[in-house]
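To be precise, the following lines are final04.csv, and they hold CSV, C-alpha atoms.
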chain,number,residue,atom,x,y,z
A,1,MET,CA,-64.9,-28.0,11.5
A,2,ASP,CA,-63.3,-26.2,14.4
A,3,THR,CA,-60.6,-23.5,14.8
A,4,ARG,CA,-57.9,-26.2,14.4
A,5,HIS,CA,-59.1,-26.8,10.9
A,6,MET,CA,-59.2,-23.1,10.2
A,7,HIS,CA,-55.5,-22.8,11.2
A,8,TYR,CA,-54.7,-25.6,8.8
A,9,PHE,CA,-56.5,-23.8,6.0
A,10,MET,CA,-55.0,-20.4,6.8
A,11,ALA,CA,-51.5,-21.8,6.9
A,12,LEU,CA,-51.8,-23.1,3.3
A,13,ALA,CA,-53.8,-20.1,2.1
A,14,GLU,CA,-51.1,-17.7,3.4
A,15,THR,CA,-48.0,-19.7,2.2
A,16,LEU,CA,-49.5,-21.4,-0.9
A,17,HIS,CA,-47.1,-24.2,-0.3
A,18,PHE,CA,-48.0,-27.6,1.3
A,19,GLY,CA,-44.5,-28.3,2.6
A,20,ARG,CA,-44.0,-24.8,4.2
A,21,ALA,CA,-47.5,-24.8,5.7
A,22,ALA,CA,-47.0,-28.3,7.2
A,23,LYS,CA,-43.7,-27.2,8.7
A,24,LEU,CA,-45.3,-24.1,10.3
A,25,LEU,CA,-47.8,-26.4,12.0
A,26,HIS,CA,-45.1,-28.9,13.0
A,27,MET,CA,-46.6,-31.6,10.8
A,28,THR,CA,-45.3,-33.7,8.0
A,29,GLN,CA,-46.8,-33.0,4.6
A,30,PRO,CA,-48.9,-36.2,4.0
A,31,PRO,CA,-51.2,-35.8,7.1
A,32,PHE,CA,-51.4,-32.1,6.5
A,33,SER,CA,-52.5,-32.7,2.9
A,34,ARG,CA,-55.2,-35.1,4.2
A,35,GLN,CA,-56.5,-32.4,6.6
A,36,ILE,CA,-56.8,-29.9,3.7
A,37,ALA,CA,-58.7,-32.5,1.6
A,38,LEU,CA,-60.9,-33.3,4.6
A,39,ILE,CA,-61.8,-29.6,5.1
A,40,GLU,CA,-62.8,-29.3,1.4
A,41,GLN,CA,-64.8,-32.5,1.7
A,42,LYS,CA,-66.7,-31.3,4.8
A,43,LEU,CA,-67.5,-27.9,3.2
A,44,GLY,CA,-68.3,-29.4,-0.2
A,45,VAL,CA,-66.3,-26.6,-1.8
A,46,LYS,CA,-63.0,-26.5,-3.6
A,47,LEU,CA,-60.7,-24.0,-1.8
A,48,PHE,CA,-57.5,-24.5,-3.7
A,49,GLU,CA,-56.4,-25.0,-7.3
A,50,ARG,CA,-53.2,-27.1,-7.3
A,51,ASN,CA,-50.9,-28.7,-9.7
A,52,SER,CA,-47.4,-30.0,-9.5
A,53,ARG,CA,-45.9,-26.5,-9.4
A,54,HIS,CA,-48.4,-24.1,-8.0
A,55,VAL,CA,-51.1,-23.7,-5.3
A,56,THR,CA,-53.7,-20.9,-5.7
A,57,LEU,CA,-56.9,-20.0,-3.9
A,58,THR,CA,-60.2,-20.3,-5.6
A,59,PRO,CA,-62.7,-17.4,-5.2
A,60,ALA,CA,-64.4,-19.4,-2.5
A,61,GLY,CA,-61.1,-19.9,-0.8
A,62,LYS,CA,-60.3,-16.2,-0.8
A,63,HIS,CA,-63.6,-15.5,0.8
A,64,PHE,CA,-63.2,-18.2,3.3
A,65,LEU,CA,-59.7,-16.9,4.2
A,66,ASP,CA,-61.2,-13.5,5.1
A,67,ASP,CA,-63.9,-15.1,7.2
A,68,CYS,CA,-61.4,-17.4,9.0
A,69,ARG,CA,-59.2,-14.5,9.9
A,70,THR,CA,-62.2,-12.7,11.4
A,71,VAL,CA,-63.4,-15.7,13.3
A,72,ILE,CA,-59.9,-16.5,14.7
A,73,ALA,CA,-59.4,-12.9,15.7
A,74,GLN,CA,-62.8,-12.9,17.5
A,75,PHE,CA,-62.0,-16.2,19.2
A,76,ASP,CA,-58.6,-15.0,20.3
A,77,GLY,CA,-60.2,-11.8,21.6
A,78,ALA,CA,-62.8,-13.8,23.5
A,79,CYS,CA,-60.0,-16.0,25.2
A,80,ARG,CA,-58.1,-12.8,26.1
A,81,ASP,CA,-61.2,-11.1,27.5
A,82,VAL,CA,-62.3,-14.0,29.6
A,83,ARG,CA,-58.9,-14.0,31.3
A,84,LEU,CA,-59.1,-10.2,31.8
A,85,VAL,CA,-62.5,-10.5,33.3
A,86,ALA,CA,-61.4,-13.3,35.7
A,87,SER,CA,-58.5,-11.1,36.8
A,88,GLY,CA,-60.7,-8.0,37.4
A,89,MET,CA,-59.0,-6.1,34.5
A,90,LYS,CA,-62.2,-6.1,32.4
A,91,GLY,CA,-65.9,-6.4,33.0
A,92,GLU,CA,-68.5,-4.5,34.9
A,93,LEU,CA,-68.8,-3.1,38.4
A,94,ARG,CA,-72.1,-1.9,39.8
A,95,PHE,CA,-71.2,1.0,42.2
A,96,GLY,CA,-73.8,2.7,44.4
A,97,PHE,CA,-73.5,5.9,46.4
A,98,MET,CA,-75.5,8.3,48.4
A,99,MET,CA,-76.4,11.6,46.7
A,100,HIS,CA,-74.3,13.8,48.9
A,101,ALA,CA,-71.2,11.6,48.4
A,102,ALA,CA,-71.2,12.8,44.8
A,103,HIS,CA,-70.0,16.1,46.2
A,104,SER,CA,-67.1,14.6,48.2
A,105,VAL,CA,-65.5,11.2,47.9
A,106,VAL,CA,-67.2,9.6,44.9
A,107,PRO,CA,-65.6,11.6,42.1
A,108,ARG,CA,-62.1,10.9,43.3
A,109,LEU,CA,-62.8,7.2,43.7
A,110,VAL,CA,-64.4,6.9,40.2
A,111,GLN,CA,-61.5,8.9,38.6
A,112,ARG,CA,-58.8,6.8,40.2
A,113,TYR,CA,-60.5,3.5,39.5
A,114,SER,CA,-61.1,4.5,35.8
A,115,GLU,CA,-57.4,5.3,35.5
A,116,ILE,CA,-56.2,1.9,36.7
A,117,ARG,CA,-59.1,-0.2,35.3
A,118,PRO,CA,-60.0,1.5,32.1
A,119,ASP,CA,-61.6,-1.6,30.6
A,120,VAL,CA,-64.0,-2.1,33.6
A,121,ARG,CA,-67.4,-0.5,32.9
A,122,LEU,CA,-68.6,1.4,36.0
A,123,VAL,CA,-72.4,1.3,36.4
A,124,LEU,CA,-73.2,4.2,38.8
A,125,GLU,CA,-76.3,4.0,41.0
A,126,GLU,CA,-77.2,7.0,43.0
A,127,ARG,CA,-79.4,5.7,45.8
A,128,THR,CA,-80.6,6.4,49.3
A,129,PRO,CA,-78.8,4.7,52.2
A,130,THR,CA,-81.6,2.2,52.8
A,131,GLU,CA,-81.7,1.3,49.1
A,132,ILE,CA,-78.0,0.8,49.1
A,133,ASP,CA,-78.2,-1.6,52.1
A,134,ASP,CA,-81.0,-3.6,50.4
A,135,MET,CA,-79.1,-3.7,47.0
A,136,LEU,CA,-75.9,-4.9,48.6
A,137,MET,CA,-77.7,-7.6,50.4
A,138,ALA,CA,-79.5,-8.7,47.3
A,139,GLY,CA,-76.3,-8.7,45.2
A,140,LYS,CA,-77.6,-5.9,43.0
A,141,LEU,CA,-74.6,-3.7,43.8
A,142,ASP,CA,-70.9,-4.8,43.9
A,143,ALA,CA,-69.8,-1.9,46.2
A,144,ALA,CA,-71.2,1.3,47.5
A,145,VAL,CA,-70.4,4.5,49.4
A,146,THR,CA,-72.8,4.9,52.3
A,147,PHE,CA,-72.9,5.8,56.0
A,148,ALA,CA,-71.0,3.3,58.2
A,149,PRO,CA,-73.4,0.4,58.9
A,150,GLY,CA,-73.8,-1.2,62.3
A,151,TYR,CA,-72.7,-4.8,62.8
A,152,SER,CA,-72.5,-6.2,59.3
A,153,PRO,CA,-70.4,-9.4,59.2
A,154,HIS,CA,-71.3,-9.9,55.5
A,155,LEU,CA,-69.7,-6.6,54.5
A,156,ARG,CA,-66.1,-5.5,54.1
A,157,THR,CA,-66.0,-1.7,55.0
A,158,ILE,CA,-63.2,0.9,54.5
A,159,HIS,CA,-63.5,4.3,56.1
A,160,LEU,CA,-63.4,7.2,53.6
A,161,ALA,CA,-64.3,10.3,55.5
A,162,ARG,CA,-65.9,11.7,58.6
A,163,GLU,CA,-68.5,14.4,57.8
A,164,LYS,CA,-70.0,17.0,60.1
A,165,LEU,CA,-73.6,18.1,59.9
A,166,ARG,CA,-74.3,21.8,59.4
A,167,MET,CA,-77.4,23.9,59.6
A,168,ILE,CA,-78.9,25.5,56.5
A,169,LEU,CA,-81.3,28.4,56.6
A,170,ARG,CA,-82.4,31.3,54.5
A,171,ALA,CA,-80.2,34.3,54.4
A,172,ASP,CA,-83.0,36.4,55.9
A,173,HIS,CA,-83.5,34.1,58.9
A,174,ALA,CA,-83.1,35.5,62.4
A,175,CYS,CA,-80.2,33.1,63.0
A,176,ALA,CA,-78.4,33.8,59.8
A,177,ASN,CA,-75.9,36.2,61.4
A,178,LYS,CA,-75.0,33.9,64.3
A,179,ARG,CA,-71.5,32.5,64.1
A,180,VAL,CA,-72.4,29.1,65.6
A,181,ILE,CA,-75.8,27.6,66.1
A,182,GLY,CA,-76.8,25.3,69.0
A,183,PRO,CA,-79.8,23.1,69.8
A,184,ASP,CA,-81.3,25.8,72.0
A,185,ASP,CA,-81.4,28.1,69.0
A,186,LEU,CA,-83.6,25.6,67.2
A,187,CYS,CA,-86.2,24.7,69.8
A,188,HIS,CA,-89.0,26.6,68.1
A,189,GLU,CA,-87.8,26.0,64.5
A,190,ARG,CA,-89.7,24.0,61.9
A,191,LEU,CA,-87.2,21.3,61.0
A,192,ILE,CA,-87.0,19.5,57.6
A,193,VAL,CA,-85.4,16.1,57.9
A,194,THR,CA,-84.8,12.9,56.1
A,195,PRO,CA,-87.2,10.1,57.3
A,196,THR,CA,-85.8,7.1,59.2
A,197,SER,CA,-86.9,4.7,56.5
A,198,VAL,CA,-84.6,6.4,54.0
A,199,ALA,CA,-81.4,7.2,56.0
A,200,PRO,CA,-81.6,5.8,59.5
A,201,THR,CA,-78.1,6.7,60.5
A,202,LEU,CA,-78.5,10.3,59.5
A,203,ARG,CA,-81.9,10.6,61.2
A,204,SER,CA,-80.6,9.0,64.3
A,205,ALA,CA,-77.6,11.5,64.5
A,206,ILE,CA,-80.0,14.4,64.1
A,207,ALA,CA,-82.4,13.1,66.8
A,208,SER,CA,-79.5,12.4,69.2
A,209,TYR,CA,-78.1,16.0,68.7
A,210,PHE,CA,-81.4,17.5,69.9
A,211,ALA,CA,-81.8,14.9,72.7
A,212,ALA,CA,-78.3,15.8,74.0
A,213,GLY,CA,-79.4,19.4,74.2
A,214,GLY,CA,-82.7,18.6,76.0
A,215,ILE,CA,-84.7,19.8,73.0
A,216,SER,CA,-87.8,18.2,71.5
A,217,PRO,CA,-87.4,18.9,67.8
A,218,ASN,CA,-90.3,20.0,65.6
A,219,PHE,CA,-90.0,17.8,62.5
A,220,VAL,CA,-92.5,19.2,60.1
A,221,LEU,CA,-91.5,17.8,56.7
A,222,GLU,CA,-89.7,14.5,55.8
A,223,PRO,CA,-88.7,14.4,52.1
A,224,ARG,CA,-86.6,11.5,50.9
A,225,LEU,CA,-83.9,13.4,49.0
A,226,GLN,CA,-81.4,16.0,50.3
A,227,HIS,CA,-81.9,18.1,47.2
A,228,THR,CA,-85.5,18.4,48.0
A,229,ILE,CA,-84.7,19.4,51.6
A,230,ILE,CA,-82.5,22.2,50.3
A,231,LYS,CA,-85.2,23.4,48.0
A,232,LEU,CA,-87.8,23.5,50.8
A,233,VAL,CA,-85.5,25.4,53.0
A,234,ALA,CA,-84.9,27.9,50.2
A,235,GLU,CA,-88.7,28.4,50.0
A,236,GLY,CA,-88.8,29.3,53.7
A,237,LEU,CA,-90.6,26.2,54.9
A,238,GLY,CA,-88.1,25.4,57.6
A,239,VAL,CA,-84.5,24.8,58.4
A,240,ALA,CA,-82.4,21.6,58.1
A,241,LEU,CA,-79.3,19.8,59.2
A,242,ILE,CA,-77.4,18.4,56.2
A,243,PRO,CA,-74.0,16.9,55.5
A,244,GLU,CA,-71.3,19.5,55.2
A,245,SER,CA,-70.3,18.4,51.6
A,246,LEU,CA,-73.7,19.6,50.4
A,247,CYS,CA,-73.1,23.2,51.5
A,248,SER,CA,-71.0,23.9,48.4
A,249,MET,CA,-74.1,23.6,46.2
A,250,LEU,CA,-76.4,26.1,48.1
A,251,ASP,CA,-78.1,29.0,46.3
A,252,GLU,CA,-77.1,32.5,47.3
A,253,ASN,CA,-80.3,33.0,49.3
A,254,LEU,CA,-79.2,30.2,51.7
A,255,VAL,CA,-76.5,30.2,54.3
A,256,CYS,CA,-74.7,27.3,56.0
A,257,LYS,CA,-73.8,27.6,59.7
A,258,PRO,CA,-71.6,25.4,61.9
A,259,LEU,CA,-73.3,23.6,64.8
A,260,ARG,CA,-72.1,23.7,68.4
A,261,THR,CA,-70.9,20.1,69.2
A,262,ALA,CA,-71.9,19.1,65.6
A,263,PRO,CA,-72.8,15.5,65.0
A,264,THR,CA,-70.5,13.6,62.7
A,265,LEU,CA,-71.1,10.6,60.4
A,266,ASP,CA,-68.6,8.2,59.1
A,267,VAL,CA,-68.7,7.6,55.3
A,268,VAL,CA,-67.4,4.2,54.2
A,269,LEU,CA,-67.0,2.1,51.1
A,270,CYS,CA,-68.8,-1.3,51.5
A,271,ALA,CA,-68.6,-4.5,49.5
A,272,PRO,CA,-70.0,-8.0,50.2
A,273,ILE,CA,-67.3,-10.2,51.6
A,274,ALA,CA,-68.7,-13.0,49.4
A,275,SER,CA,-68.6,-11.0,46.2
A,276,ALA,CA,-67.7,-13.0,43.2
A,277,ASN,CA,-66.8,-10.0,41.1
A,278,PRO,CA,-63.0,-9.7,40.8
A,279,ALA,CA,-63.2,-6.1,39.7
A,280,VAL,CA,-64.2,-5.1,43.3
A,281,SER,CA,-60.8,-5.7,44.8
A,282,ALA,CA,-59.0,-2.8,43.0
A,283,LEU,CA,-61.7,-0.4,44.2
A,284,MET,CA,-61.3,-1.5,47.8
A,285,ASP,CA,-57.5,-1.1,47.4
A,286,ILE,CA,-57.9,2.4,46.2
A,287,ALA,CA,-60.2,3.2,49.1
A,288,ALA,CA,-57.7,1.6,51.6
A,289,GLN,CA,-54.8,3.7,50.2
A,290,SER,CA,-56.8,7.0,50.4
A,291,SER,CA,-57.9,6.3,54.0
A,292,CYS,CA,-54.3,5.8,55.2
Exercise: express the given structure as structure tokens:
Amino acid sequence: MDTRHMHYFMALAETLHFGRAAKLLHMTQPPFSRQIALIEQKLGVKLFERNSRHVTLTPAGKHFLDDCRTVIAQFDGACRDVRLVASGMKGELRFGFMMHAAHSVVPRLVQRYSEIRPDVRLVLEERTPTEIDDMLMAGKLDAAVTFAPGYSPHLRTIHLAREKLRMILRADHACANKRVIGPDDLCHERLIVTPTSVAPTLRSAIASYFAAGGISPNFVLEPRLQHTIIKLVAEGLGVALIPESLCSMLDENLVCKPLRTAPTLDVVLCAPIASANPAVSALMDIAAQSSC
């Protein structure tokens, strides 16, 4: 038994006429009748009552008709879905992003992608930049928003934004009333900073900022997450340079100040060039359009 036999059975069950059913299937009646007899023989069940004038379904035939309709609908759906998956219109896309990008470019990307690919399930992974790099390399992410990598011939990258770093400090800090803060204002400050192992691009930009000002920074705490850095600053344990997009989420006891000759970081969307997931291309297209 296969779906072809189910279509033979359904044609007769729905027309209750051998001649019309055979015609629907572009067959002559004798071979069609043999197929119906073969189906009953294979099942070991009588599906039709027939005489010279009428064809009716047996109780078993009525039940089999319902099941056949369900199976055929599921099979047709499976054929349709596999074509949609192959075209990138359906399926799953594993999308990684840095925490602070959730406050800038990620919501817009996710919203736009969901509008044009509503049948693709987005699996969102909030990760550190180093984790994103490793997961892209291992094939555990299909695409990700992160800081612009160095030479990465295995990745396709699209520029999304250029983000400045800003200084955050408590509202009662001595520098809180300054309009702009420079490296010389921070030479004696306790600095809270992301470790190199977590966000090498961000850490390098901060170190370079102080080096350019001839300052040897006093890095005292190195938590992994930007949220933790903000909390520690709020507790008065130091000051920090953070991406500008995070300044919108600060508590009222914190202030965000512009930096003189502030370092900037490029935020990009990355995807492996060799990605086999056809759902990625639409995301890259959206990013390319928004970067124009």
Using only C-alpha atoms, determine which residues lie at most 10 Å from stretch 19-26 of chain A, disregarding the query and same-chain residues fewer than 5 positions distant; provide the list as a PyMOL selection string.
-> chain A and resi 7-14+31-33
Using C-alpha atoms, can you export the residues from the last selection as a compact mmCIF listing (two decimals), keeping the file's coordinate frame?
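Output file part-v3.txt is given in full below:
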# COMPACT_ATOMS: atom_id res chain seq x y z
CA HIS A 7 -55.50 -22.80 11.20
CA TYR A 8 -54.70 -25.60 8.80
CA PHE A 9 -56.50 -23.80 6.00
CA MET A 10 -55.00 -20.40 6.80
CA ALA A 11 -51.50 -21.80 6.90
CA LEU A 12 -51.80 -23.10 3.30
CA ALA A 13 -53.80 -20.10 2.10
CA GLU A 14 -51.10 -17.70 3.40
CA PRO A 31 -51.20 -35.80 7.10
CA PHE A 32 -51.40 -32.10 6.50
CA SER A 33 -52.50 -32.70 2.90
Write out as a PDB file with C-alpha atoms, in the coordinates of the input which residues come within 12 Å of stretch 214-222 of chain A when counting all atoms listed in the file, dropping same-chain ones fewer than 5 positions away.
ATOM      1  CA  GLY A 182     -76.800  25.300  69.000  1.00  0.00           C
ATOM      2  CA  PRO A 183     -79.800  23.100  69.800  1.00  0.00           C
ATOM      3  CA  ASP A 184     -81.300  25.800  72.000  1.00  0.00           C
ATOM      4  CA  ASP A 185     -81.400  28.100  69.000  1.00  0.00           C
ATOM      5  CA  LEU A 186     -83.600  25.600  67.200  1.00  0.00           C
ATOM      6  CA  CYS A 187     -86.200  24.700  69.800  1.00  0.00           C
ATOM      7  CA  HIS A 188     -89.000  26.600  68.100  1.00  0.00           C
ATOM      8  CA  GLU A 189     -87.800  26.000  64.500  1.00  0.00           C
ATOM      9  CA  ARG A 190     -89.700  24.000  61.900  1.00  0.00           C
ATOM     10  CA  LEU A 191     -87.200  21.300  61.000  1.00  0.00           C
ATOM     11  CA  ILE A 192     -87.000  19.500  57.600  1.00  0.00           C
ATOM     12  CA  VAL A 193     -85.400  16.100  57.900  1.00  0.00           C
ATOM     13  CA  THR A 194     -84.800  12.900  56.100  1.00  0.00           C
ATOM     14  CA  PRO A 195     -87.200  10.100  57.300  1.00  0.00           C
ATOM     15  CA  THR A 196     -85.800   7.100  59.200  1.00  0.00           C
ATOM     16  CA  SER A 197     -86.900   4.700  56.500  1.00  0.00           C
ATOM     17  CA  VAL A 198     -84.600   6.400  54.000  1.00  0.00           C
ATOM     18  CA  ALA A 199     -81.400   7.200  56.000  1.00  0.00           C
ATOM     19  CA  ARG A 203     -81.900  10.600  61.200  1.00  0.00           C
ATOM     20  CA  ILE A 206     -80.000  14.400  64.100  1.00  0.00           C
ATOM     21  CA  ALA A 207     -82.400  13.100  66.800  1.00  0.00           C
ATOM     22  CA  SER A 208     -79.500  12.400  69.200  1.00  0.00           C
ATOM     23  CA  TYR A 209     -78.100  16.000  68.700  1.00  0.00           C
ATOM     24  CA  THR A 228     -85.500  18.400  48.000  1.00  0.00           C
ATOM     25  CA  ILE A 229     -84.700  19.400  51.600  1.00  0.00           C
ATOM     26  CA  ILE A 230     -82.500  22.200  50.300  1.00  0.00           C
ATOM     27  CA  LEU A 232     -87.800  23.500  50.800  1.00  0.00           C
ATOM     28  CA  VAL A 233     -85.500  25.400  53.000  1.00  0.00           C
ATOM     29  CA  LEU A 237     -90.600  26.200  54.900  1.00  0.00           C
ATOM     30  CA  GLY A 238     -88.100  25.400  57.600  1.00  0.00           C
ATOM     31  CA  VAL A 239     -84.500  24.800  58.400  1.00  0.00           C
ATOM     32  CA  ALA A 240     -82.400  21.600  58.100  1.00  0.00           C
ATOM     33  CA  LEU A 241     -79.300  19.800  59.200  1.00  0.00           C
TER      34      LEU A 241
END
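Between A:Ile39 and the candidates A:Arg162, A:Lys231, A:Arg4, A:Arg224, the tightest atom-to-atom separation, counting only C-alpha atoms, involves A:Arg4.
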If you take only C-alpha atoms and a cut-off of 10 Å, which residues of stretch 199-243 of chain A touch stretch 96-110 of chain A, and what are their nearest atom pairs and distances in Å to one decimal, in chain and number order, as a Markdown table?
| residue | atom | partner | partner_atom | distance |
| --- | --- | --- | --- | --- |
| A:Ala199 | CA | A:Met98 | CA | 9.7 |
| A:Leu225 | CA | A:Met99 | CA | 8.0 |
| A:Gln226 | CA | A:His100 | CA | 7.6 |
| A:His227 | CA | A:Met99 | CA | 8.5 |
| A:Ile242 | CA | A:His100 | CA | 9.2 |
| A:Pro243 | CA | A:His100 | CA | 7.3 |
Tell me, as a list of chain:residue names, which residues lie within 12 Å of A:Pro149, counting only C-alpha atoms; anything in the same chain fewer than 6 positions away does not count.
-> A:Pro129, A:Thr130, A:Ile132, A:Asp133, A:Leu136, A:Leu155, A:Arg156, A:Thr157, A:Ile158, A:His159, A:Ala199, A:Pro200, A:Thr201, A:Leu202, A:Leu265, A:Asp266, A:Val267, A:Val268, A:Leu269, A:Cys270, A:Ala271
Tell me which of A:Tyr151, A:Glu131, A:Met137, A:Leu254 sits closest to A:His173, counting only C-alpha atoms.
->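 That would be A:Leu254, the residue with the smallest distance to A:His173.
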Within 7 Å of (-59.9, -26.1, -2.8), in the coordinates the file gives, what residues turn up when you count only C-alpha atoms, written out as an NGL selection string?
-> :A and (40 or 45-49 or 57-58 or 61)
Kindly extract all protein, DNA and RNA residues lying within 8 Å of the coordinates (-73.2, -7.9, 45.8) given in the file, considering all atoms listed in the file, and supply them as an MDAnalysis selection string.
-> chainID A and resid 135:143 271:272 274:276
